[in-house]
Each structure stands twice: as C-alpha cells, then as structure tokens.
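Heads up, target_31.txt below (compact mmCIF, C-alpha atoms):
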# COMPACT_ATOMS: atom_id res chain seq x y z
CA MET M 124 204.36 284.48 100.03
CA ASN M 125 206.21 283.13 103.05
CA ALA M 126 206.59 279.49 104.15
CA ALA M 127 203.49 279.65 106.37
CA ASP M 128 201.30 280.74 103.43
CA GLN M 129 202.42 277.94 101.09
CA PRO M 130 200.05 275.11 100.32
CA LYS M 131 201.12 271.71 101.67
CA TRP M 132 201.68 270.24 98.19
CA LEU M 133 204.03 273.11 97.26
CA ALA M 134 206.06 272.74 100.46
CA GLU M 135 206.41 268.99 99.77
CA ARG M 136 207.51 269.68 96.18
CA ILE M 137 210.13 272.17 97.31
CA ASP M 138 211.41 269.72 99.93
CA GLU M 139 211.69 266.95 97.31
CA ARG M 140 213.94 269.15 95.20
CA SER M 141 216.21 270.37 97.98
CA ASP M 142 219.65 269.08 98.79
CA HIS M 143 218.55 267.97 102.26
CA VAL M 144 218.68 264.22 102.87
CA ARG M 145 215.38 262.38 102.97
CA GLN M 146 214.99 258.81 104.17
CA ALA M 147 213.02 256.66 101.76
CA THR M 148 212.74 253.13 100.44
CA CYS M 149 213.93 251.87 97.08
CA PRO M 150 210.89 251.42 94.81
CA ARG M 151 212.44 248.29 93.31
CA CYS M 152 213.84 246.29 96.25
CA HIS M 153 212.18 248.16 99.16
CA CYS M 154 215.50 248.60 101.02
CA PRO M 155 216.01 251.79 103.07
CA VAL M 156 217.89 254.49 101.13
CA LEU M 157 218.85 258.14 101.43
CA ARG M 158 217.65 260.52 98.72
CA ALA M 159 218.84 264.04 97.95
CA ARG M 160 219.87 266.37 95.17
CA ALA M 161 223.63 266.80 95.21
CA GLY M 162 224.93 270.04 93.74
CA ARG M 163 223.40 273.43 93.24
CA VAL M 164 223.86 274.23 89.56
CA ALA M 165 223.60 270.90 87.77
CA ALA M 166 222.14 268.81 90.55
CA LEU M 167 222.13 265.02 90.50
CA ASP M 168 219.37 262.97 92.04
CA VAL M 169 221.19 260.71 94.49
CA ILE M 170 219.84 257.46 95.87
CA ALA M 171 222.41 256.05 98.30
CA ASP M 172 222.69 253.29 100.85
CA PRO M 173 222.38 254.73 104.39
CA GLU M 174 225.24 252.69 105.90
CA PRO M 175 228.66 254.38 105.90
CA ILE M 176 231.39 252.40 104.14
CA ASP M 177 235.08 251.92 104.87
CA PRO M 178 237.90 252.64 102.37
CA THR M 179 237.98 249.04 101.08
CA ALA M 180 234.23 249.05 100.41
CA GLU M 181 234.62 252.44 98.70
CA ILE M 182 237.22 251.01 96.33
CA LEU M 183 234.93 248.09 95.52
CA ALA M 184 231.99 250.45 94.94
CA LEU M 185 234.06 252.62 92.59
CA LEU M 186 235.24 249.53 90.68
CA GLU M 187 231.57 248.53 90.26
CA GLY M 188 230.88 251.95 88.72
CA ARG M 189 229.01 253.37 91.71
CA LEU M 190 229.66 256.92 92.88
CA THR M 191 230.61 257.67 96.49
CA TRP M 192 229.35 260.61 98.52
CA HIS M 193 230.02 262.49 101.74
CA LEU M 194 227.15 262.60 104.22
CA THR M 195 227.68 265.97 105.89
CA THR M 196 225.80 267.30 108.90
CA SER M 197 225.60 271.02 109.62
CA ALA M 198 225.72 272.59 113.07
CA LEU M 199 221.91 272.73 112.96
CA GLY M 200 221.68 268.99 112.27
CA VAL M 201 220.74 269.29 108.58
CA GLN M 202 222.22 266.45 106.56
CA ARG M 203 223.37 266.91 102.96
CA ILE M 204 224.97 264.65 100.39
CA THR M 205 228.01 266.02 98.57
CA TRP M 206 230.04 264.36 95.83
CA ARG M 207 233.30 262.69 96.84
CA THR M 208 235.86 263.34 94.08
CA HIS M 209 239.26 261.79 93.49
CA PHE M 210 240.77 264.86 95.20
CA HIS M 211 238.94 263.93 98.41
CA ILE M 212 240.11 260.33 98.15
CA ARG M 213 243.75 261.37 97.63
CA ALA M 214 243.61 263.77 100.60
CA GLY M 215 243.46 260.91 103.09
CA PRO M 216 240.86 259.75 105.60
CA ALA M 217 237.41 261.23 105.15
CA ARG M 218 236.19 263.82 107.67
CA HIS M 219 232.56 262.89 107.02
CA PRO M 220 230.88 259.48 106.68
CA VAL M 221 231.22 258.07 103.15
CA ILE M 222 228.21 256.44 101.49
CA ALA M 223 227.80 254.84 98.06
CA ASP M 224 225.11 254.81 95.38
CA HIS M 225 222.40 252.27 96.09
CA GLN M 226 222.56 248.99 94.25
CA CYS M 227 219.65 246.60 94.59
CA PRO M 228 220.62 243.14 95.84
CA PRO M 229 220.54 240.43 93.18
CA VAL M 230 217.23 238.65 92.84
CA PRO M 231 217.52 234.86 92.45
CA VAL M 232 216.19 233.53 89.17
CA GLN M 233 214.06 230.42 89.41
CA GLY M 234 215.85 228.60 86.57
CA VAL M 235 219.22 229.15 88.22
CA LEU M 236 218.10 227.64 91.51
CA LEU M 237 217.22 224.28 90.00
Let me see whether you can do it: turn the structure in this file into structure tokens.
Amino acid sequence: MNAADQPKWLAERIDERSDHVRQATCPRCHCPVLRARAGRVAALDVIADPEPIDPTAEILALLEGRLTWHLTTSALGVQRITWRTHFHIRAGPARHPVIADHQCPPVPVQGVLL
C-alpha cells in the first residue's frame, strides 16, 4: 500500500504521530501552539509556544521546570522539534530558534479580584 492508496483517516493518524511540527491550539487556553513528537525511539509529545525565546527567557523557562527545544527546518522546509540538552546550552549561541514548553497563562480567580 502506498501513500495514494491510504484512507484519509490513516494518513491523518500517521501525520499526528510524526515528528513534523503541526500548528494547533491549546485545548485548555486556546492559545496557538506547536505540536510534534520529539525523538525517534522513546518519543515525547511536545506542546510548545511558537514564539522563539532569547537566552534569558530560556533560563527562566528552565527554572520554572519547562523544557526547551530547537525548532529545526530542513532544506525542504520541513520543521521538526528536537530536544535542547545542557550540552547545547553550554556550546554557546543556538544555531536554530529555541522554543519552550507551553504554559497556559494564569486564569484570574473571582475571589482574588475582590
């Protein structure tokens, strides 16, 4: 069976489980996010903010317990999310845009407002 013979639902399922970046919205706060599976063997489902961050924002994200990722683009224009380890951080400035795990903005509580 080649790609042209696959049913639409199967092609969508395969695409959902690939490491290619998909633009989506957060189901909780409805903010735009990037979704992908990072890794090939023990893949992680990544939901990240689409805006690249600077080194200071990366430090703050790491202190909050959020992971940071590289947003790589191949020569064909395919975007992938790869994990940014402490080795990458020590190596100096990033060669690819750095993004962080998505964190929903705080929702005001009615009792706190009064």
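Proximity to M:Ala161 was assessed for M:Arg136, M:Arg203, M:Arg145, M:Arg189 counting all atoms listed in the file; the smallest distance is recorded for M:Arg203.
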Worksheet item: Out of M:Leu185, M:Ala171, M:Ala134, M:Val144, which residue has the shortest atom-to-atom distance to M:Gln202 when counting only C-alpha atoms?
Response: M:Val144
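In terms of minimum interatomic distance to M:His219, M:Asp177 ranks closest within M:Asp142, M:Asp177, M:Asp172, M:Asp128, counting all atoms listed in the file.
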Discussion item. List as a ChimeraX atom specification the protein and nucleic acid residues near M:Ile212, meaning an atom at most 12 Å away when only C-alpha atoms are counted, but skip any in the same chain fewer than 3 places from it.
Written reply: /M:177-179,181-182,185,191-193,206-209,215-219,221
Practice prompt. Please indicate the distance in Å from atom CA of M:Val156 to atom CA of M:Leu183, rounded to one decimal place.
Written response: 19.0 Å
Worksheet, complete the sentence: From atom CA of M:Ile176 to atom CA of M:Ile204 the spacing works out at 14.3 Å
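The residue that comes closest to M:Leu190, out of M:Ala159, M:Leu133, M:Thr205, M:Cys227 and on the basis of all atoms listed in the file, is M:Thr205.
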Put the listed atoms of stretch 198-204 of chain M in a box along x, y and z with 3 Å added on every side and give me the centre and edge lengths in Å to one decimal, as AutoDock Vina command-line options.
--center_x 223.2 --center_y 268.7 --center_z 106.7 --size_x 11.0 --size_y 14.1 --size_z 18.7
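Atom to atom, atom CA of M:Asp224 and atom CA of M:Ala198 stand 25.1 Å apart.
Restricting the calculation to only C-alpha atoms, the smallest distance between M:Gly188 and any of M:Ala166, M:Cys149, M:Ala223, M:Val230 is found for M:Ala223.
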Discussion item. What's around M:Pro155 at 9 Å? Count all atoms listed in the file, leave out sequence neighbours fewer than 2 positions away in its own chain, and write the answer as a count of residues only.
Written reply: 8
Discussion item. Counting all atoms listed in the file, which residue out of M:Gly162, M:Pro130, M:Gly200, M:Pro175 sits closest to M:His225?
Written reply: M:Pro175
Some atoms are absent from stretch 190-222 of chain M, so rebuild N, CA and C atoms and return them as a compact mmCIF listing (two decimals), in the frame of the given file.
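Saved as out_5.txt:
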# COMPACT_ATOMS: atom_id res chain seq x y z
N LEU M 190 229.07 255.71 92.34
CA LEU M 190 229.66 256.92 92.88
C LEU M 190 229.66 256.86 94.41
N THR M 191 230.59 257.57 95.03
CA THR M 191 230.61 257.67 96.49
C THR M 191 230.36 259.12 96.87
N TRP M 192 229.81 259.31 98.07
CA TRP M 192 229.35 260.61 98.52
C TRP M 192 229.75 260.84 99.97
N HIS M 193 229.87 262.12 100.35
CA HIS M 193 230.02 262.49 101.74
C HIS M 193 228.63 262.75 102.30
N LEU M 194 228.39 262.30 103.50
CA LEU M 194 227.15 262.60 104.22
C LEU M 194 227.52 263.62 105.28
N THR M 195 227.28 264.89 104.98
CA THR M 195 227.68 265.97 105.89
C THR M 195 226.50 266.37 106.76
N THR M 196 226.81 266.82 107.96
CA THR M 196 225.80 267.30 108.90
C THR M 196 226.21 268.68 109.36
N SER M 197 225.31 269.64 109.21
CA SER M 197 225.60 271.02 109.62
C SER M 197 225.47 271.16 111.14
N ALA M 198 225.83 272.33 111.64
CA ALA M 198 225.72 272.59 113.07
C ALA M 198 224.27 272.55 113.54
N LEU M 199 223.33 272.78 112.62
CA LEU M 199 221.91 272.73 112.96
C LEU M 199 221.32 271.34 112.81
N GLY M 200 222.15 270.37 112.41
CA GLY M 200 221.68 268.99 112.27
C GLY M 200 221.11 268.66 110.91
N VAL M 201 221.25 269.54 109.93
CA VAL M 201 220.74 269.29 108.58
C VAL M 201 221.77 268.45 107.83
N GLN M 202 221.32 267.32 107.31
CA GLN M 202 222.22 266.45 106.56
C GLN M 202 222.13 266.75 105.07
N ARG M 203 223.29 266.71 104.41
CA ARG M 203 223.37 266.91 102.96
C ARG M 203 224.30 265.87 102.38
N ILE M 204 224.11 265.56 101.11
CA ILE M 204 224.97 264.65 100.39
C ILE M 204 225.80 265.47 99.41
N THR M 205 227.12 265.32 99.49
CA THR M 205 228.01 266.02 98.57
C THR M 205 228.90 265.00 97.88
N TRP M 206 229.26 265.29 96.65
CA TRP M 206 230.04 264.36 95.83
C TRP M 206 231.44 264.21 96.38
N ARG M 207 231.95 262.99 96.39
CA ARG M 207 233.30 262.69 96.84
C ARG M 207 234.16 262.47 95.59
N THR M 208 235.04 263.41 95.30
CA THR M 208 235.86 263.34 94.08
C THR M 208 237.17 262.63 94.37
N HIS M 209 237.96 262.43 93.32
CA HIS M 209 239.26 261.79 93.49
C HIS M 209 240.21 262.67 94.31
N PHE M 210 239.97 263.98 94.35
CA PHE M 210 240.77 264.86 95.20
C PHE M 210 240.53 264.56 96.68
N HIS M 211 239.27 264.29 97.03
CA HIS M 211 238.94 263.93 98.41
C HIS M 211 239.59 262.60 98.79
N ILE M 212 239.55 261.66 97.87
CA ILE M 212 240.11 260.33 98.15
C ILE M 212 241.62 260.42 98.35
N ARG M 213 242.30 261.20 97.51
CA ARG M 213 243.75 261.37 97.63
C ARG M 213 244.15 262.11 98.90
N ALA M 214 243.28 262.94 99.44
CA ALA M 214 243.61 263.77 100.60
C ALA M 214 243.75 262.97 101.89
N GLY M 215 243.32 261.73 101.89
CA GLY M 215 243.46 260.91 103.09
C GLY M 215 242.12 260.53 103.68
N PRO M 216 242.11 260.20 104.96
CA PRO M 216 240.86 259.75 105.60
C PRO M 216 239.76 260.81 105.51
N ALA M 217 238.56 260.33 105.29
CA ALA M 217 237.41 261.23 105.15
C ALA M 217 237.04 261.85 106.49
N ARG M 218 236.65 263.13 106.46
CA ARG M 218 236.19 263.82 107.67
C ARG M 218 234.71 263.58 107.93
N HIS M 219 233.99 263.15 106.91
CA HIS M 219 232.56 262.89 107.02
C HIS M 219 232.32 261.43 106.66
N PRO M 220 231.19 260.85 107.10
CA PRO M 220 230.88 259.48 106.68
C PRO M 220 230.78 259.40 105.16
N VAL M 221 231.26 258.30 104.60
CA VAL M 221 231.22 258.07 103.15
C VAL M 221 230.13 257.04 102.87
N ILE M 222 229.27 257.36 101.90
CA ILE M 222 228.21 256.44 101.49
C ILE M 222 228.32 256.23 99.98
